[in-house]
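Asker: Dropping in input-v3.csv, which is CSV, C-alpha atoms:
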chain,number,residue,atom,x,y,z
Q,1,MET,CA,-16.1,6.2,25.6
Q,2,THR,CA,-17.2,8.7,23.0
Q,3,GLU,CA,-17.7,7.7,19.3
Q,4,LYS,CA,-14.6,9.5,18.4
Q,5,ASP,CA,-12.5,7.8,21.2
Q,6,SER,CA,-13.9,4.5,20.1
Q,7,LEU,CA,-12.8,5.1,16.5
Q,8,ILE,CA,-9.3,6.1,17.6
Q,9,SER,CA,-9.0,3.0,19.8
Q,10,PHE,CA,-10.3,0.7,17.0
Q,11,PHE,CA,-7.7,2.2,14.6
Q,12,ALA,CA,-4.8,1.8,17.1
Q,13,GLU,CA,-5.8,-1.8,18.0
Q,14,THR,CA,-6.0,-2.7,14.4
Q,15,ARG,CA,-2.6,-1.3,13.5
Q,16,PHE,CA,-1.0,-3.0,16.5
Q,17,HIS,CA,-2.5,-6.4,15.7
Q,18,THR,CA,-1.1,-6.5,12.2
Q,19,GLU,CA,2.4,-6.1,13.6
Q,20,GLU,CA,1.7,-8.6,16.3
Q,21,LEU,CA,0.9,-11.2,13.6
Q,22,CYS,CA,4.4,-10.6,12.2
Q,23,LYS,CA,6.3,-11.0,15.4
Q,24,PRO,CA,7.0,-14.8,15.0
Q,25,LEU,CA,8.5,-14.2,11.6
Q,26,GLU,CA,12.2,-14.3,10.7
Q,27,ILE,CA,13.4,-11.4,8.6
Q,28,GLU,CA,13.7,-13.8,5.5
Q,29,ASP,CA,10.0,-14.7,5.8
Q,30,TYR,CA,8.9,-11.2,5.0
Q,31,VAL,CA,9.7,-11.2,1.3
Q,32,VAL,CA,8.7,-14.8,0.2
Q,33,GLN,CA,6.0,-15.1,-2.5
Q,34,PRO,CA,5.6,-18.8,-3.6
Q,35,ILE,CA,2.6,-18.1,-5.9
Q,36,ALA,CA,0.8,-15.0,-7.3
Q,37,ASP,CA,-2.2,-15.4,-4.9
Q,38,VAL,CA,0.1,-15.2,-1.9
Q,39,SER,CA,1.6,-11.8,-1.1
Q,40,PRO,CA,4.8,-11.4,1.1
Q,41,PRO,CA,4.1,-10.2,4.6
Q,42,LYS,CA,6.2,-7.1,4.0
Q,43,TRP,CA,3.8,-6.1,1.2
Q,44,HIS,CA,0.7,-6.6,3.4
Q,45,LEU,CA,2.3,-4.3,6.0
Q,46,GLY,CA,3.0,-1.6,3.4
Q,47,HIS,CA,-0.3,-1.9,1.4
Q,48,SER,CA,-2.5,-1.6,4.5
Q,49,THR,CA,-0.5,1.5,5.4
Q,50,TRP,CA,-0.7,3.0,1.9
Q,51,PHE,CA,-4.5,2.7,1.9
Q,52,PHE,CA,-4.7,5.2,4.8
Q,53,GLU,CA,-2.1,7.5,3.2
Q,54,GLU,CA,-3.6,7.4,-0.3
Q,55,PHE,CA,-7.3,7.7,0.5
Q,56,ILE,CA,-7.3,9.8,3.7
Q,57,LEU,CA,-4.1,11.6,4.5
Q,58,LYS,CA,-3.3,12.9,1.0
Q,59,HIS,CA,-6.7,14.5,0.6
Q,60,HIS,CA,-7.8,15.4,4.1
Q,61,LYS,CA,-4.7,16.2,6.2
Q,62,PRO,CA,-3.5,19.8,5.6
Q,63,ASN,CA,0.2,20.0,4.5
Q,64,TYR,CA,0.6,16.2,4.6
Q,65,THR,CA,4.0,15.1,3.1
Q,66,LEU,CA,4.2,11.7,1.6
Q,67,PHE,CA,6.6,9.3,3.3
Q,68,ASN,CA,8.0,8.2,0.0
Q,69,GLU,CA,6.6,9.1,-3.5
Q,70,ASP,CA,7.5,5.7,-4.9
Q,71,PHE,CA,5.5,3.7,-2.3
Q,72,ALA,CA,2.2,4.3,-4.2
Q,73,PHE,CA,3.7,2.3,-7.1
Q,74,VAL,CA,5.0,-0.4,-4.8
Q,75,PHE,CA,2.0,-0.9,-2.5
Q,76,ASN,CA,-1.1,-0.2,-4.7
Q,77,SER,CA,-2.9,-3.5,-5.3
Q,78,TYR,CA,-5.6,-3.2,-8.0
Q,79,TYR,CA,-6.8,0.4,-8.0
Q,80,GLU,CA,-6.7,1.5,-11.6
Q,81,THR,CA,-8.0,4.9,-10.5
Q,82,VAL,CA,-5.0,5.6,-8.4
Q,83,GLY,CA,-2.3,4.8,-11.0
Q,84,LYS,CA,0.4,2.3,-12.0
Q,85,ARG,CA,1.6,-0.5,-9.7
Q,86,VAL,CA,4.0,-3.4,-9.4
Q,87,VAL,CA,2.6,-6.5,-11.1
Q,88,ARG,CA,1.1,-8.8,-8.4
Q,89,SER,CA,3.3,-11.7,-9.1
Q,90,ASP,CA,6.4,-9.5,-8.7
Q,91,ARG,CA,5.7,-8.5,-5.1
Q,92,GLY,CA,8.2,-11.1,-3.8
Q,93,ASN,CA,11.0,-9.7,-6.0
Q,94,LEU,CA,11.1,-6.5,-4.0
Q,95,SER,CA,14.1,-6.6,-1.7
Q,96,ARG,CA,13.7,-2.9,-1.3
Q,97,PRO,CA,12.1,-1.1,0.5
Q,98,SER,CA,13.5,-3.0,3.4
Q,99,VAL,CA,11.4,-4.5,6.2
Q,100,ALA,CA,12.8,-1.8,8.6
Q,101,LYS,CA,11.8,1.0,6.1
Q,102,VAL,CA,8.3,-0.4,5.8
Q,103,TYR,CA,7.9,-0.4,9.6
Q,104,GLU,CA,9.1,3.2,9.6
Q,105,TYR,CA,6.4,3.9,7.0
Q,106,ARG,CA,3.8,2.3,9.2
Q,107,ALA,CA,4.8,4.4,12.2
Q,108,TYR,CA,4.8,7.6,10.1
Q,109,VAL,CA,1.3,7.0,8.7
Q,110,THR,CA,-0.1,5.8,12.0
Q,111,LYS,CA,1.1,8.9,13.8
Q,112,ALA,CA,-0.3,11.1,11.0
Q,113,MET,CA,-3.6,9.4,11.2
Q,114,GLN,CA,-3.8,9.7,15.0
Q,115,ASP,CA,-3.1,13.4,14.6
Q,116,LEU,CA,-5.9,13.7,12.1
Q,117,LEU,CA,-8.3,11.8,14.3
Q,118,SER,CA,-7.5,14.0,17.3
Q,119,ASP,CA,-9.2,16.9,15.6
Q,120,LYS,CA,-12.8,17.2,14.5
Q,121,ILE,CA,-13.4,15.0,11.5
Q,122,SER,CA,-16.2,15.0,8.9
Q,123,LYS,CA,-18.6,12.1,8.3
Q,124,GLU,CA,-16.8,11.4,5.0
Q,125,ILE,CA,-13.5,11.0,6.8
Q,126,LYS,CA,-15.0,8.8,9.5
Q,127,THR,CA,-16.5,6.5,6.7
Q,128,LEU,CA,-13.1,6.3,5.0
Q,129,VAL,CA,-11.3,5.5,8.3
Q,130,GLU,CA,-13.8,2.7,9.0
Q,131,ILE,CA,-13.2,1.3,5.5
Q,132,GLY,CA,-9.5,1.5,6.1
Q,133,ILE,CA,-9.7,-0.3,9.4
Q,134,HIS,CA,-11.7,-3.1,8.0
Q,135,HIS,CA,-9.5,-3.2,4.9
Q,136,GLU,CA,-6.6,-3.8,7.2
Q,137,LYS,CA,-8.5,-6.5,9.1
Q,138,GLN,CA,-9.1,-8.2,5.8
Q,139,HIS,CA,-5.3,-8.1,5.2
Q,140,GLN,CA,-4.7,-9.5,8.7
Q,141,GLU,CA,-6.6,-12.6,7.6
Q,142,LEU,CA,-4.8,-12.7,4.3
Q,143,LEU,CA,-1.5,-12.1,6.1
Q,144,LEU,CA,-2.0,-15.1,8.4
Q,145,THR,CA,-3.1,-17.5,5.6
Q,146,ASP,CA,-0.3,-16.2,3.4
Q,147,ILE,CA,2.2,-16.9,6.1
Q,148,LYS,CA,0.8,-20.4,6.5
Q,149,TYR,CA,1.2,-21.0,2.7
Q,150,ILE,CA,4.8,-19.6,2.8
Q,151,LEU,CA,5.8,-21.8,5.8
Q,152,GLY,CA,3.6,-24.8,4.8
Q,153,ASN,CA,5.5,-25.0,1.5
Q,154,ASN,CA,8.9,-24.8,3.2
Q,155,PRO,CA,10.3,-28.4,3.3
Q,156,LEU,CA,11.2,-27.9,6.9
Q,157,LEU,CA,7.5,-27.2,7.8
Q,158,PRO,CA,8.5,-24.7,10.5
Q,159,VAL,CA,6.3,-23.7,13.4
Q,160,TYR,CA,4.8,-20.2,13.2
Q,161,SER,CA,3.2,-20.0,16.6
Q,162,ASP,CA,1.9,-22.3,19.4
Q,163,SER,CA,-0.8,-19.9,20.4
Q,164,ILE,CA,-3.2,-20.2,17.5
Q,165,LYS,CA,-5.7,-23.1,17.6
Q,166,GLU,CA,-6.8,-23.8,14.0
Q,167,HIS,CA,-8.8,-27.0,14.6
Q,168,THR,CA,-11.5,-27.2,17.3
Q,169,THR,CA,-14.1,-30.0,17.6
Q,170,ASP,CA,-17.8,-29.9,18.2
Q,171,SER,CA,-19.1,-33.0,20.0
Q,172,SER,CA,-22.7,-32.3,19.1
Q,173,LYS,CA,-24.4,-34.6,16.7
Q,174,THR,CA,-25.0,-33.2,13.2
Q,175,GLU,CA,-28.7,-32.6,12.6
Q,176,TRP,CA,-30.7,-31.4,9.7
Q,177,ILE,CA,-32.3,-28.0,10.3
Q,178,LYS,CA,-35.5,-27.8,8.4
Q,179,MET,CA,-36.4,-24.5,6.9
Q,180,GLU,CA,-39.9,-23.7,5.7
Q,181,GLU,CA,-40.6,-22.3,2.2
Q,182,GLY,CA,-41.4,-18.7,2.2
Q,183,ILE,CA,-40.1,-15.2,1.6
Q,184,TYR,CA,-37.0,-14.1,3.5
Q,185,GLU,CA,-35.2,-10.8,3.6
Q,186,ILE,CA,-31.5,-10.8,2.7
Q,187,GLY,CA,-28.8,-8.2,3.0
Q,188,HIS,CA,-27.5,-5.6,5.5
Q,189,LYS,CA,-30.2,-3.8,7.4
Q,190,ASP,CA,-28.7,-1.4,9.9
Q,191,ILE,CA,-26.9,1.1,7.8
Q,192,THR,CA,-25.6,2.8,11.0
Q,193,GLN,CA,-23.3,-0.2,11.5
Q,194,PHE,CA,-20.3,-0.9,9.3
Q,195,HIS,CA,-20.9,-2.8,6.2
Q,196,TYR,CA,-19.5,-3.2,2.6
Q,197,ASP,CA,-21.3,-1.9,-0.4
Q,198,ASN,CA,-21.9,-5.5,-1.7
Q,199,GLU,CA,-24.1,-6.3,1.3
Q,200,LEU,CA,-26.5,-3.5,0.4
Q,201,GLY,CA,-29.7,-3.8,-1.6
Q,202,ARG,CA,-31.6,-5.6,1.1
Q,203,HIS,CA,-34.2,-7.5,-0.7
Q,204,LYS,CA,-36.7,-10.4,-0.5
Q,205,VAL,CA,-36.1,-13.9,-1.9
Q,206,TYR,CA,-38.4,-16.8,-2.1
Q,207,LEU,CA,-37.0,-20.1,-0.8
Q,208,HIS,CA,-38.4,-23.5,-1.2
Q,209,ASN,CA,-38.4,-26.1,1.6
Q,210,TYR,CA,-34.8,-27.1,2.4
Q,211,SER,CA,-32.6,-28.5,5.2
Q,212,ILE,CA,-29.2,-27.4,6.2
Q,213,ALA,CA,-26.6,-29.3,8.4
Q,214,SER,CA,-26.1,-28.0,11.9
Q,215,ASN,CA,-22.3,-28.8,11.7
Q,216,LEU,CA,-19.6,-28.6,9.2
Q,217,VAL,CA,-18.2,-31.6,7.4
Q,218,THR,CA,-15.4,-33.2,9.5
Q,219,ASN,CA,-12.0,-34.6,8.6
Q,220,ALA,CA,-13.2,-38.1,9.3
Q,221,GLU,CA,-16.1,-37.6,6.9
Q,222,TYR,CA,-13.9,-36.2,4.3
Q,223,ILE,CA,-11.3,-39.0,4.7
Q,224,ASP,CA,-14.2,-41.4,3.9
Q,225,PHE,CA,-14.7,-39.5,0.6
Q,226,ILE,CA,-11.0,-40.0,-0.2
Q,227,VAL,CA,-11.0,-43.7,0.7
Q,228,LYS,CA,-14.1,-44.3,-1.4
Q,229,ASN,CA,-12.2,-42.8,-4.4
Q,230,GLY,CA,-14.0,-39.5,-4.5
Q,231,TYR,CA,-11.1,-37.9,-6.3
Q,232,LYS,CA,-11.2,-40.6,-9.0
Q,233,ASP,CA,-14.9,-40.6,-9.8
Q,234,HIS,CA,-15.5,-38.1,-12.6
Q,235,ASN,CA,-19.3,-38.3,-12.0
Q,236,LEU,CA,-18.9,-36.2,-8.9
Q,237,TRP,CA,-17.1,-33.3,-10.5
Q,238,HIS,CA,-17.8,-30.4,-12.8
Q,239,ALA,CA,-16.0,-30.7,-16.1
Q,240,GLU,CA,-13.7,-27.8,-15.2
Q,241,ALA,CA,-13.1,-29.3,-11.8
Q,242,TRP,CA,-12.3,-32.7,-13.2
Q,243,ASP,CA,-9.6,-31.0,-15.5
Q,244,TRP,CA,-8.3,-29.2,-12.4
Q,245,VAL,CA,-8.0,-32.5,-10.4
Q,246,ASN,CA,-6.2,-34.3,-13.1
Q,247,THR,CA,-4.0,-31.5,-14.3
Q,248,ASN,CA,-2.8,-30.7,-10.8
Q,249,ASN,CA,-2.9,-34.3,-9.4
Q,250,ILE,CA,-5.2,-33.2,-6.6
Q,251,THR,CA,-5.8,-36.2,-4.2
Q,252,GLN,CA,-6.5,-34.5,-0.9
Q,253,PRO,CA,-7.0,-31.1,0.8
Q,254,MET,CA,-4.2,-28.6,0.8
Q,255,TYR,CA,-1.5,-29.2,3.5
Q,256,TRP,CA,-2.4,-32.9,4.0
Q,257,HIS,CA,0.3,-35.5,4.1
Q,258,LYS,CA,0.0,-39.3,4.3
Q,259,ILE,CA,2.8,-40.6,6.6
Q,260,ASP,CA,3.2,-44.3,7.4
Q,261,GLY,CA,-0.5,-44.9,6.8
Q,262,ASP,CA,-1.8,-41.9,8.9
Q,263,TRP,CA,-3.0,-38.5,7.8
Q,264,TYR,CA,-1.2,-35.4,9.0
Q,265,HIS,CA,-1.5,-31.8,8.0
Q,266,TYR,CA,0.6,-28.7,8.2
Q,267,THR,CA,-0.7,-26.2,10.7
Q,268,LEU,CA,0.6,-22.9,12.1
Q,269,ASN,CA,1.8,-25.1,15.0
Q,270,GLY,CA,3.8,-27.2,12.6
Q,271,LEU,CA,3.0,-30.7,11.3
Q,272,GLN,CA,0.2,-32.3,13.3
Q,273,LYS,CA,-1.7,-35.5,13.2
Q,274,ILE,CA,-5.2,-34.8,11.9
Q,275,ASP,CA,-8.0,-34.5,14.4
Q,276,LYS,CA,-10.7,-36.5,12.7
Q,277,ASN,CA,-13.5,-34.7,14.6
Q,278,ALA,CA,-12.4,-31.2,13.5
Q,279,PRO,CA,-14.0,-29.6,10.5
Q,280,VAL,CA,-12.1,-30.1,7.2
Q,281,THR,CA,-10.5,-27.0,5.8
Q,282,HIS,CA,-8.5,-25.7,2.9
Q,283,ILE,CA,-11.1,-27.0,0.4
Q,284,SER,CA,-11.8,-25.5,-3.0
Q,285,TYR,CA,-15.4,-25.0,-4.2
Q,286,PHE,CA,-14.6,-27.8,-6.7
Q,287,GLU,CA,-14.0,-30.2,-3.8
Q,288,ALA,CA,-16.9,-28.9,-1.7
Q,289,PHE,CA,-19.3,-29.5,-4.7
Q,290,ALA,CA,-17.9,-33.0,-5.4
Q,291,TYR,CA,-18.2,-34.0,-1.7
Q,292,ALA,CA,-21.8,-32.8,-1.6
Q,293,GLN,CA,-22.5,-34.9,-4.7
Q,294,TYR,CA,-20.9,-37.9,-3.0
Q,295,LYS,CA,-23.3,-37.5,-0.1
Q,296,ASN,CA,-26.3,-37.0,-2.3
Q,297,CYS,CA,-26.6,-33.5,-1.0
Q,298,ARG,CA,-25.7,-30.0,-2.2
Q,299,LEU,CA,-24.3,-26.7,-1.0
Q,300,ALA,CA,-26.6,-24.1,0.3
Q,301,THR,CA,-27.2,-20.9,-1.6
Q,302,GLU,CA,-26.0,-17.8,0.1
Q,303,PHE,CA,-29.6,-16.8,0.7
Q,304,GLU,CA,-30.4,-20.2,2.3
Q,305,TRP,CA,-27.3,-19.8,4.5
Q,306,GLU,CA,-28.3,-16.3,5.6
Q,307,ALA,CA,-31.9,-17.3,6.3
Q,308,ALA,CA,-30.8,-20.2,8.5
Q,309,GLN,CA,-27.5,-18.8,10.1
Q,310,ASP,CA,-29.0,-18.0,13.5
Q,311,ARG,CA,-29.9,-21.7,14.0
Q,312,PHE,CA,-26.3,-23.0,13.8
Q,313,LYS,CA,-22.8,-22.0,14.9
Q,314,TRP,CA,-20.5,-20.4,12.3
Q,315,GLY,CA,-17.2,-18.8,12.2
Q,316,GLN,CA,-14.7,-21.7,12.2
Q,317,ARG,CA,-14.5,-21.9,8.4
Q,318,TRP,CA,-15.5,-19.8,5.4
Q,319,GLU,CA,-18.3,-21.8,4.0
Q,320,TRP,CA,-18.6,-22.3,0.2
Q,321,THR,CA,-22.1,-21.6,-1.1
Q,322,GLU,CA,-23.7,-22.4,-4.4
Q,323,SER,CA,-24.2,-18.7,-5.2
Q,324,ALA,CA,-22.3,-16.8,-7.9
Q,325,TYR,CA,-20.9,-13.5,-6.6
Q,326,LEU,CA,-23.4,-11.0,-8.1
Q,327,PRO,CA,-24.8,-7.6,-7.2
Q,328,TYR,CA,-27.9,-7.4,-5.1
Q,329,PRO,CA,-30.9,-5.5,-6.6
Q,330,ASN,CA,-30.2,-1.8,-7.2
Q,331,TYR,CA,-26.5,-2.2,-6.3
Q,332,LYS,CA,-24.4,0.9,-7.1
Q,333,LYS,CA,-20.7,1.1,-7.0
Q,334,PRO,CA,-19.4,4.1,-5.0
Q,335,PRO,CA,-17.6,6.7,-7.1
Q,336,GLY,CA,-13.8,6.8,-7.5
Q,337,ALA,CA,-11.3,4.3,-6.4
Q,338,ILE,CA,-13.4,3.0,-3.4
Q,339,GLY,CA,-15.9,1.8,-6.1
Q,340,GLU,CA,-13.2,-0.6,-7.2
Q,341,TYR,CA,-13.3,-2.4,-3.8
Q,342,ASN,CA,-16.0,-4.9,-4.6
Q,343,GLY,CA,-18.0,-4.3,-7.7
Q,344,LYS,CA,-15.4,-5.1,-10.3
Q,345,PHE,CA,-14.9,-8.6,-9.0
Q,346,MET,CA,-18.5,-9.7,-9.5
Q,347,VAL,CA,-17.7,-12.3,-12.2
Q,348,ASN,CA,-16.5,-15.9,-12.2
Q,349,GLN,CA,-16.4,-16.2,-8.4
Q,350,LYS,CA,-18.4,-18.0,-5.7
Q,351,VAL,CA,-19.7,-16.5,-2.4
Q,352,LEU,CA,-18.5,-17.8,0.9
Q,353,ARG,CA,-20.2,-17.0,4.2
Q,354,GLY,CA,-19.4,-17.0,7.9
Q,355,GLY,CA,-15.8,-16.4,8.7
Q,356,SER,CA,-12.8,-18.4,9.9
Q,357,ILE,CA,-10.4,-18.8,12.8
Q,358,ALA,CA,-8.2,-16.3,10.9
Q,359,THR,CA,-10.9,-13.7,10.7
Q,360,PRO,CA,-10.2,-10.8,13.1
Q,361,LEU,CA,-12.5,-9.9,15.9
Q,362,ASN,CA,-15.3,-7.4,15.1
Q,363,HIS,CA,-14.9,-7.9,11.4
Q,364,THR,CA,-17.4,-10.5,10.2
Q,365,ARG,CA,-21.2,-10.6,10.4
Q,366,HIS,CA,-24.0,-12.7,9.0
Q,367,THR,CA,-24.5,-10.5,5.9
Q,368,TYR,CA,-20.7,-10.5,5.1
Q,369,ARG,CA,-20.1,-11.7,1.5
Q,370,ASN,CA,-16.6,-13.1,0.9
Q,371,PHE,CA,-15.8,-14.3,-2.6
Q,372,PHE,CA,-13.1,-16.4,-4.3
Q,373,GLN,CA,-12.4,-18.3,-7.5
Q,374,THR,CA,-13.6,-21.9,-7.5
Q,375,ASN,CA,-10.1,-23.5,-7.5
Q,376,LEU,CA,-8.6,-21.5,-4.5
Q,377,ARG,CA,-8.2,-23.2,-1.2
Q,378,TRP,CA,-5.4,-21.4,0.8
Q,379,GLN,CA,-8.0,-19.8,3.0
Q,380,TYR,CA,-9.7,-21.6,5.9
Q,381,THR,CA,-12.6,-22.9,3.7
Q,382,GLY,CA,-15.0,-25.7,4.7
Q,383,ILE,CA,-18.2,-27.4,3.8
Q,384,ARG,CA,-21.7,-27.2,5.2
Q,385,LEU,CA,-24.2,-29.5,3.4
Q,386,ALA,CA,-27.8,-28.8,2.4
Q,387,LYS,CA,-30.6,-30.7,0.8
Could you show the structure in this file as structure tokens?

Answerer:
Amino acid sequence: MTEKDSLISFFAETRFHTEELCKPLEIEDYVVQPIADVSPPKWHLGHSTWFFEEFILKHHKPNYTLFNEDFAFVFNSYYETVGKRVVRSDRGNLSRPSVAKVYEYRAYVTKAMQDLLSDKISKEIKTLVEIGIHHEKQHQELLLTDIKYILGNNPLLPVYSDSIKEHTTDSSKTEWIKMEEGIYEIGHKDITQFHYDNELGRHKVYLHNYSIASNLVTNAEYIDFIVKNGYKDHNLWHAEAWDWVNTNNITQPMYWHKIDGDWYHYTLNGLQKIDKNAPVTHISYFEAFAYAQYKNCRLATEFEWEAAQDRFKWGQRWEWTESAYLPYPNYKKPPGAIGEYNGKFMVNQKVLRGGSIATPLNHTRHTYRNFFQTNLRWQYTGIRLAK
């Protein structure tokens, strides 16, 4: 398969998979937005389509006609360069465009993109297409976790699908992987492979001796934290975190329910009894830090994580690190709207590494830098200890 054929196939597979994720939904599920952080499935379908139209087709396909001139206002997310947009918290108020019309929009843009890719394309277009594909893959993960939040906050706790396994166990004993002090190289190296701009600026860091756990913290271990009153001991928490715990009455991970003395959690398969040997998930940075304090440990920095990652398995949970989301040395934002993709979020967020069961295939890598605010936990986030 040629490089061009591979790109066309990758594009088609990505567009198909997004729609496959929506197949188990009822039509009413497409518009629900319980909180500002969760976008309706219909909006994800439209936004990931608008990205290709706005950044590629409008500028690079001769005589391209917009599907609908109002869709830029509806489906723009945060790109100030591009123009005005619907307020994020209002996305669930959009009964129109209809779901059917959004699928028409997807088909229209997909066909136009395939026509564009069938001809000779420049290196600039190829780069933009790759960004668009991986942008849609990011939204596939958000789509799945947003669907879980929508259904998980429905009092009926409906089943989304029986085919997704969220919680797998590892029977191996947790060991402490010892890492020697020294100088380590951090950041994306092979610039011929896809990467985001926030991974660039490969640089050296000096790390002291440290140890990192071979396995993630399990549900059983986290239940012990709950039983031992971890959520009631202010000594374990940052001041802001302690306010968050008390203001929101946080007593357990998201989606957990205590029923007749046993722990259950909502999953995409419906309400399930907790597998105590599976890695805990839907944990905020606040909780991850407090748990590490409880164990007389800490979270690894993103540099420690990257230096050690080839010595343990990762990819089940996004792993909170102790690193603030900051630019690497000599980081430069790309010009224009694409420069808004990562750089402007480098404040008041923590880095997560690895990936999760919701992360699409061919999307993550050991230099991938995810980032979220410290109180958020609707993603498949977990804990790996260090000391």

Asker: Would you mind telling me which residue in Q:Ser89, Q:Asn296, Q:Ser9, Q:Gln140 lies nearest to Q:Leu21 when using only C-alpha atoms?

Answerer: Q:Gln140

Asker: Excluding same-chain residues fewer than 4 positions from Q:Tyr294, what lies within 12 Å of it counting all atoms listed in the file, as a short mmCIF file (atom, residue, chain, number, x, y, z; two decimals) with C-alpha atoms, in the coordinates of the input?

Answerer:
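Written output follows (part19.cif):
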data_model
loop_
_atom_site.label_atom_id
_atom_site.label_comp_id
_atom_site.auth_asym_id
_atom_site.auth_seq_id
_atom_site.Cartn_x
_atom_site.Cartn_y
_atom_site.Cartn_z
CA GLU Q 221 -16.10 -37.60 6.90
CA TYR Q 222 -13.90 -36.20 4.30
CA ASP Q 224 -14.20 -41.40 3.90
CA PHE Q 225 -14.70 -39.50 0.60
CA ILE Q 226 -11.00 -40.00 -0.20
CA LYS Q 228 -14.10 -44.30 -1.40
CA ASN Q 229 -12.20 -42.80 -4.40
CA GLY Q 230 -14.00 -39.50 -4.50
CA TYR Q 231 -11.10 -37.90 -6.30
CA LYS Q 232 -11.20 -40.60 -9.00
CA ASP Q 233 -14.90 -40.60 -9.80
CA HIS Q 234 -15.50 -38.10 -12.60
CA ASN Q 235 -19.30 -38.30 -12.00
CA LEU Q 236 -18.90 -36.20 -8.90
CA TRP Q 237 -17.10 -33.30 -10.50
CA GLU Q 287 -14.00 -30.20 -3.80
CA ALA Q 288 -16.90 -28.90 -1.70
CA PHE Q 289 -19.30 -29.50 -4.70
CA ALA Q 290 -17.90 -33.00 -5.40
CA ARG Q 298 -25.70 -30.00 -2.20
CA LEU Q 299 -24.30 -26.70 -1.00
CA LEU Q 385 -24.20 -29.50 3.40
#

Asker: Measuring atom to atom with all atoms listed in the file, identify which of Q:Glu181, Q:Glu304, Q:Glu240, Q:Asp275 is nearest to Q:Asn219.

Answerer: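 For Q:Asn219, the nearest of the given residues is Q:Asp275.
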
Asker: Between atom CA of Q:His282 and atom CA of Q:Asn153, measure the distance and give it in Å to one decimal.

Answerer: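 Rounded to one decimal, the two atoms are 14.1 Å apart.
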
Asker: Counting only C-alpha atoms, which of Q:Leu268, Q:Val280, Q:Ile186, Q:Leu94 gets nearest to Q:Glu306?

Answerer: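 Counting only C-alpha atoms, the residue closest to Q:Glu306 is Q:Ile186.
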
Asker: Around (8.0, -24.2, 6.1), as given in the file, which residues come within 12 Å? Count all atoms listed in the file and list them as a PyMOL selection string.

Answerer: chain Q and resi 25-26+28-29+32+34+146-160+255+266-271

Asker: Taking 3 positions as the minimum chain separation for residues in the same chain, which residues sit within 12 Å of Q:Ile250 when counting all atoms listed in the file? Answer as a list of chain:residue names.

Answerer: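 Contacts, with the query itself left out: Q:Ile226, Q:Gly230, Q:Tyr231, Q:Lys232, Q:Ala241, Q:Trp242, Q:Asp243, Q:Trp244, Q:Val245, Q:Asn246, Q:Thr247, Q:Pro253, Q:Met254, Q:Tyr255, Q:Trp256, Q:Ile283, Q:Ser284, Q:Phe286, Q:Glu287, Q:Asn375, Q:Arg377.
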
Asker: Just give me the gap between atom CA of Q:Met179 and atom CA of Q:His208 in Å, one decimal is fine.

Answerer: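 A separation of 8.4 Å between them.
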
Asker: Using all atoms listed in the file, pick whichever of Q:Thr218, Q:Thr374, Q:Thr367, Q:Thr18 has the shortest atom-to-atom distance to Q:Glu141.

Answerer: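 So, comparing all the options, the nearest one is Q:Thr18.
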
Asker: Can you measure atom CA of Q:Lys111 to atom CA of Q:Ala12 for me? One decimal in Å is fine.

Answerer: 9.8 Å

Asker: Which residues, written as a VMD selection string, have at least one atom at most 12 Å from Q:Thr381, with all atoms listed in the file counted and residues fewer than 2 positions away on the same chain left out?

Answerer: chain Q and resid 145 166 216 to 217 253 to 254 279 to 288 314 to 321 351 to 359 370 to 372 374 to 379 383 to 384
